[in-house]
Number of protein chains: 2
Amino acid sequence: MDNNLVVHEQLASVQRCSHDYQVSCGNCRLASICLPLALENEDINKLDDIIQRGKPLQKNEHIYREGDEFNSVFAVRSGTLKAYKTTDDGREQVTGFYFPGEILALDGISADIHASSAMALETASICEIPFDALEKLSSALPSLQRHFLQLMSREITEDQQLITLLSKNTAEERVAALMLGISTRNTRRRLSPTQFRLAMSRLDIGNYLGLTVETVSRVFSRMQKLEILRVDNKEIEILDTERLRTMASLGS
Amino acid sequence: MDNNLVVHEQLASVQRCSHDYQVSCGNCRLASICLPLALENEDINKLDDIIQRGKPLQKNEHIYREGDEFNSVFAVRSGTLKAYKTTDDGREQVTGFYFPGEILALDGISADIHASSAMALETASICEIPFDALEKLSSALPSLQRHFLQLMSREITEDQQLITLLSKNTAEERVAALMLGISTRNTRRRLSPTQFRLAMSRLDIGNYLGLTVETVSRVFSRMQKLEILRVDNKEIEILDTERLRTMASLGS
DNA sequence: ACAATCACTTGATACAGGTCAATAAGCAGA
DNA sequence: TCTGCTTATTGACCTGTATCAAGTGATTGT
């Protein structure tokens, strides 16, 4: 319990830094994993000029909704977001979770209309990057063009991994893979790879992984019993990364 | 039976046209749905200059394999291909089928290594587009840059649709959606939307849709009994597009 | 501080689709 | 044309996860 509090405080303080409206790409601690990656200082300023920083989003607020006109892509500065589509019969499909440094709305480029909705799972701040300006700047800066194409390609490979997960893996394997994924992304962001708070509900997790809430809950309970995870509501501690990894890659 | 033969002949003759090695983007009948889309005549020639056309691939030949160095993307000129990944435990996950006019290997950009393998499901011819040259040309031709980004974005939205399909839909709905998808793509390519020959095996279909061969086979049989499809081995005729559509969108 | 609502857990039961098995129909090579 | 091999179909049975149901624990707004 006390432990959890400590983690909260760490997370909160780290995130508070970047809540600063005046932050620029040049001094953003996420620059090394976000769009500016691979840009020279001088070029970062050019990118900086086109980026708009708005006021933080509250929990459950949308950045954009499916069907909205597409004008910008968005970088997460702090907080966690989910992207989701609404199916013809009104149900929801979560297509991804987005953490600081990651880019949203890449699926809107194809039809000039957002193909999914994006909602904050907790208080979050984002950078808006007008797409027209980004395109122009990309033409002039080959390394930015290259990096942006790589980001899009990464989105494709990640979607394909999810496809494989949904198509081939058991409930246990899916949950294990998600926990490992979050752990890895935390490492990149210099946060603890073994202790974190899930911003998303069991419903969102289940929805993302193609499982019901009940199944997700049962898997968590089972993993706790096996002493692979410690689960205290949204607070997760990975106790045995090795066994978790084995579990995720089909117990081979 | 006789009917099927006629369809074969039509397909074969259409494909024979584009088997011509000397074809250029300017006179390729797929120009309107492929990369040249949105380019002026003069610019098409520039694109043409960087494209390499090789000799046709035989059935089961690979264009590239997962892990190969990434240098080019590929456009399908004729035939059908599948892209697939091999999972850690050695199983296969088909991530997509590719028809004439469609672009493969977009998932290789992110890590400069092909993230999947691509195999011909029947005799096929392809255009190789060296990526470095395409990047340079894109910087100079905004409409090419835009179109290429749109292609990548389309790949993302298509993957997301597959994610939804795998996560939410029954076996019947998945197969129905695939048949409709092929029908739609055939329309774009000015082929019959109601009669076609599947280049892929039941195994590939099942693999793509997260189902076993047996289930795919049973679904086909059921749809035949309901007089929605006529199935004669790989030959498919859609008898009732409306009911097929209802089936695909969750019987609502 | 208190409802009232919402999120999560756990158990009992049902069913879609997987697995195993046997057969039939295509197809490639001799 | 025959042979052997691969692919597809069909049936019987089994299992993992959904569904339904009940209860407990969080969170939110007043």
# chains A, B, ... in the order shown; residues from 1 in each chain; ligands from 1
>>> closest_atom_pairs(of="chain D", to="chain B", cutoff="12 Å", atoms="only C-alpha atoms (C1' of nucleotides)", output="CSV")
residue,atom,partner,partner_atom,distance
D:DT6,C1',B:Ser201,CA,11.1
D:DT7,C1',B:Ser201,CA,7.8
D:DA8,C1',B:Ser217,CA,7.2
D:DT9,C1',B:Ser217,CA,6.8
D:DT10,C1',B:Arg218,CA,8.3
D:DG11,C1',B:Glu214,CA,11.2
D:DA18,C1',B:Lys168,CA,11.7
>>> write_last_selection(atoms="C-alpha atoms (C1' of nucleotides)", output="compact mmCIF listing (two decimals), in the first residue's frame")
# COMPACT_ATOMS: atom_id res chain seq x y z
C1' DT D 6 -2.23 -32.26 -50.50
C1' DT D 7 -6.56 -29.78 -49.63
C1' DA D 8 -11.33 -29.75 -48.38
C1' DT D 9 -15.44 -31.63 -46.15
C1' DT D 10 -18.10 -33.66 -42.51
C1' DG D 11 -19.01 -35.72 -37.94
C1' DA D 18 -18.86 -15.81 -22.96
>>> residues_around(residues="DC5 of chain D", least_positions_apart="3", cutoff="12 Å", atoms="only C-alpha atoms (C1' of nucleotides)", output="number ranges by chain")
C: 26-29
>>> closest_atom_pairs(of="chain C", to="chain B", cutoff="12 Å", atoms="only C-alpha atoms (C1' of nucleotides)", output="tab-separated table")
residue	atom	partner	partner_atom	distance
C:DA16	C1'	B:Thr170	CA	8.2
C:DG17	C1'	B:Thr215	CA	7.1
C:DG18	C1'	B:Thr212	CA	7.4
C:DT19	C1'	B:Thr212	CA	9.9
C:DC20	C1'	B:Glu214	CA	11.5
C:DA25	C1'	B:Asn233	CA	9.4
C:DG26	C1'	B:Asn233	CA	9.1
>>> select_by_dssp(residues="segment 80-181 of chain B", states="strand (DSSP E or B)", output="PDB file with N, CA and C atoms, in the first residue's frame")
ATOM      1  N   LEU B  81      -1.070 -12.115 -53.634  1.00  0.00           N
ATOM      2  CA  LEU B  81      -0.011 -12.474 -52.687  1.00  0.00           C
ATOM      3  C   LEU B  81      -0.573 -12.474 -51.276  1.00  0.00           C
ATOM      4  N   LYS B  82       0.136 -13.172 -50.395  1.00  0.00           N
ATOM      5  CA  LYS B  82      -0.206 -13.061 -48.976  1.00  0.00           C
ATOM      6  C   LYS B  82       1.013 -12.547 -48.230  1.00  0.00           C
ATOM      7  N   ALA B  83       0.759 -11.765 -47.182  1.00  0.00           N
ATOM      8  CA  ALA B  83       1.825 -11.355 -46.266  1.00  0.00           C
ATOM      9  C   ALA B  83       1.588 -12.096 -44.959  1.00  0.00           C
ATOM     10  N   TYR B  84       2.637 -12.575 -44.349  1.00  0.00           N
ATOM     11  CA  TYR B  84       2.466 -13.296 -43.088  1.00  0.00           C
ATOM     12  C   TYR B  84       3.690 -13.145 -42.195  1.00  0.00           C
ATOM     13  N   LYS B  85       3.441 -13.290 -40.926  1.00  0.00           N
ATOM     14  CA  LYS B  85       4.508 -13.266 -39.929  1.00  0.00           C
ATOM     15  C   LYS B  85       4.622 -14.656 -39.332  1.00  0.00           C
ATOM     16  N   THR B  86       5.798 -15.016 -38.870  1.00  0.00           N
ATOM     17  CA  THR B  86       5.956 -16.267 -38.150  1.00  0.00           C
ATOM     18  C   THR B  86       6.075 -15.937 -36.670  1.00  0.00           C
ATOM     19  N   GLU B  92       2.211 -19.560 -38.151  1.00  0.00           N
ATOM     20  CA  GLU B  92       2.100 -18.512 -39.147  1.00  0.00           C
ATOM     21  C   GLU B  92       0.893 -17.637 -38.848  1.00  0.00           C
ATOM     22  N   GLN B  93       1.034 -16.332 -39.061  1.00  0.00           N
ATOM     23  CA  GLN B  93      -0.141 -15.462 -39.021  1.00  0.00           C
ATOM     24  C   GLN B  93      -0.206 -14.680 -40.314  1.00  0.00           C
ATOM     25  N   VAL B  94      -1.235 -14.952 -41.106  1.00  0.00           N
ATOM     26  CA  VAL B  94      -1.430 -14.199 -42.336  1.00  0.00           C
ATOM     27  C   VAL B  94      -1.955 -12.814 -41.967  1.00  0.00           C
ATOM     28  N   THR B  95      -1.266 -11.771 -42.421  1.00  0.00           N
ATOM     29  CA  THR B  95      -1.669 -10.411 -42.043  1.00  0.00           C
ATOM     30  C   THR B  95      -2.393  -9.688 -43.178  1.00  0.00           C
ATOM     31  N   GLY B  96      -2.353 -10.261 -44.363  1.00  0.00           N
ATOM     32  CA  GLY B  96      -3.098  -9.616 -45.428  1.00  0.00           C
ATOM     33  C   GLY B  96      -2.976 -10.334 -46.752  1.00  0.00           C
ATOM     34  N   PHE B  97      -3.975 -10.111 -47.608  1.00  0.00           N
ATOM     35  CA  PHE B  97      -3.920 -10.585 -48.985  1.00  0.00           C
ATOM     36  C   PHE B  97      -3.777  -9.351 -49.873  1.00  0.00           C
ATOM     37  N   TYR B  98      -2.992  -9.462 -50.927  1.00  0.00           N
ATOM     38  CA  TYR B  98      -2.736  -8.301 -51.777  1.00  0.00           C
ATOM     39  C   TYR B  98      -3.076  -8.583 -53.231  1.00  0.00           C
ATOM     40  N   ILE B 103      -0.195  -2.124 -52.531  1.00  0.00           N
ATOM     41  CA  ILE B 103       1.215  -1.949 -52.186  1.00  0.00           C
ATOM     42  C   ILE B 103       1.607  -2.787 -50.969  1.00  0.00           C
ATOM     43  N   LEU B 104       2.702  -3.498 -51.095  1.00  0.00           N
ATOM     44  CA  LEU B 104       3.205  -4.367 -50.031  1.00  0.00           C
ATOM     45  C   LEU B 104       4.481  -3.830 -49.403  1.00  0.00           C
ATOM     46  N   ILE B 113      13.840  -3.291 -41.788  1.00  0.00           N
ATOM     47  CA  ILE B 113      13.871  -4.747 -41.912  1.00  0.00           C
ATOM     48  C   ILE B 113      12.434  -5.185 -42.181  1.00  0.00           C
ATOM     49  N   SER B 117       6.730 -11.668 -44.193  1.00  0.00           N
ATOM     50  CA  SER B 117       7.141 -12.284 -45.444  1.00  0.00           C
ATOM     51  C   SER B 117       6.024 -12.114 -46.460  1.00  0.00           C
ATOM     52  N   ALA B 118       6.384 -12.111 -47.734  1.00  0.00           N
ATOM     53  CA  ALA B 118       5.370 -11.977 -48.781  1.00  0.00           C
ATOM     54  C   ALA B 118       5.542 -13.090 -49.795  1.00  0.00           C
ATOM     55  N   MET B 119       4.465 -13.830 -50.045  1.00  0.00           N
ATOM     56  CA  MET B 119       4.522 -14.997 -50.914  1.00  0.00           C
ATOM     57  C   MET B 119       3.423 -14.941 -51.973  1.00  0.00           C
ATOM     58  N   ALA B 120       3.763 -15.359 -53.188  1.00  0.00           N
ATOM     59  CA  ALA B 120       2.776 -15.405 -54.266  1.00  0.00           C
ATOM     60  C   ALA B 120       1.854 -16.605 -54.073  1.00  0.00           C
ATOM     61  N   ALA B 124       2.448 -14.424 -60.326  1.00  0.00           N
ATOM     62  CA  ALA B 124       2.186 -13.004 -60.063  1.00  0.00           C
ATOM     63  C   ALA B 124       3.322 -12.162 -60.608  1.00  0.00           C
ATOM     64  N   SER B 125       3.010 -10.938 -61.008  1.00  0.00           N
ATOM     65  CA  SER B 125       4.101 -10.037 -61.369  1.00  0.00           C
ATOM     66  C   SER B 125       4.003  -8.781 -60.522  1.00  0.00           C
ATOM     67  N   ILE B 126       5.134  -8.236 -60.192  1.00  0.00           N
ATOM     68  CA  ILE B 126       5.171  -7.104 -59.274  1.00  0.00           C
ATOM     69  C   ILE B 126       6.121  -6.022 -59.765  1.00  0.00           C
ATOM     70  N   CYS B 127       5.887  -4.810 -59.283  1.00  0.00           N
ATOM     71  CA  CYS B 127       6.789  -3.692 -59.541  1.00  0.00           C
ATOM     72  C   CYS B 127       7.542  -3.399 -58.265  1.00  0.00           C
ATOM     73  N   GLU B 128       8.858  -3.309 -58.370  1.00  0.00           N
ATOM     74  CA  GLU B 128       9.660  -2.986 -57.195  1.00  0.00           C
ATOM     75  C   GLU B 128       9.953  -1.487 -57.187  1.00  0.00           C
ATOM     76  N   ILE B 129       9.741  -0.849 -56.061  1.00  0.00           N
ATOM     77  CA  ILE B 129       9.943   0.589 -55.968  1.00  0.00           C
ATOM     78  C   ILE B 129      10.966   0.874 -54.874  1.00  0.00           C
ATOM     79  N   PRO B 130      12.215   1.156 -55.265  1.00  0.00           N
ATOM     80  CA  PRO B 130      13.257   1.386 -54.257  1.00  0.00           C
ATOM     81  C   PRO B 130      12.847   2.531 -53.337  1.00  0.00           C
TER      82      PRO B 130
END
>>> interface_residues(of="chain B", to="chain A", cutoff="6 Å", atoms="only C-alpha atoms", output="VMD selection string")
chain B and resid 107 109 to 110 139 150 153 to 154 156 to 157 163 167 210
>>> residues_around(residues="DT28 of chain D", least_positions_apart="5", cutoff="10 Å", atoms="only C-alpha atoms (C1' of nucleotides)", output="MDAnalysis selection string")
chainID C and resid 4:6
>>> write_last_selection(atoms="N, CA and C atoms (P, O5', C5', C4', C3', O3' and C1' of nucleotides)", output="PDB file, in the first residue's frame")
ATOM      1  P    DA C   4     -29.808   6.884  -2.273  1.00  0.00           P
ATOM      2  O5'  DA C   4     -28.937   6.863  -3.602  1.00  0.00           O
ATOM      3  C5'  DA C   4     -28.446   8.094  -4.147  1.00  0.00           C
ATOM      4  C4'  DA C   4     -27.509   7.766  -5.293  1.00  0.00           C
ATOM      5  C3'  DA C   4     -27.939   6.543  -6.104  1.00  0.00           C
ATOM      6  O3'  DA C   4     -27.899   6.888  -7.477  1.00  0.00           O
ATOM      7  C1'  DA C   4     -25.688   6.319  -5.426  1.00  0.00           C
ATOM      8  P    DT C   5     -28.428   5.889  -8.613  1.00  0.00           P
ATOM      9  O5'  DT C   5     -27.098   5.698  -9.470  1.00  0.00           O
ATOM     10  C5'  DT C   5     -26.231   6.829  -9.661  1.00  0.00           C
ATOM     11  C4'  DT C   5     -24.821   6.344  -9.895  1.00  0.00           C
ATOM     12  C3'  DT C   5     -24.715   5.248 -10.954  1.00  0.00           C
ATOM     13  O3'  DT C   5     -23.913   5.768 -12.015  1.00  0.00           O
ATOM     14  C1'  DT C   5     -23.360   4.764  -9.072  1.00  0.00           C
ATOM     15  P    DC C   6     -23.766   4.963 -13.399  1.00  0.00           P
ATOM     16  O5'  DC C   6     -22.284   4.375 -13.291  1.00  0.00           O
ATOM     17  C5'  DC C   6     -21.218   5.224 -12.859  1.00  0.00           C
ATOM     18  C4'  DC C   6     -20.047   4.358 -12.465  1.00  0.00           C
ATOM     19  C3'  DC C   6     -19.749   3.247 -13.475  1.00  0.00           C
ATOM     20  O3'  DC C   6     -18.395   3.396 -13.884  1.00  0.00           O
ATOM     21  C1'  DC C   6     -19.825   2.400 -11.248  1.00  0.00           C
TER      22       DC C   6
END
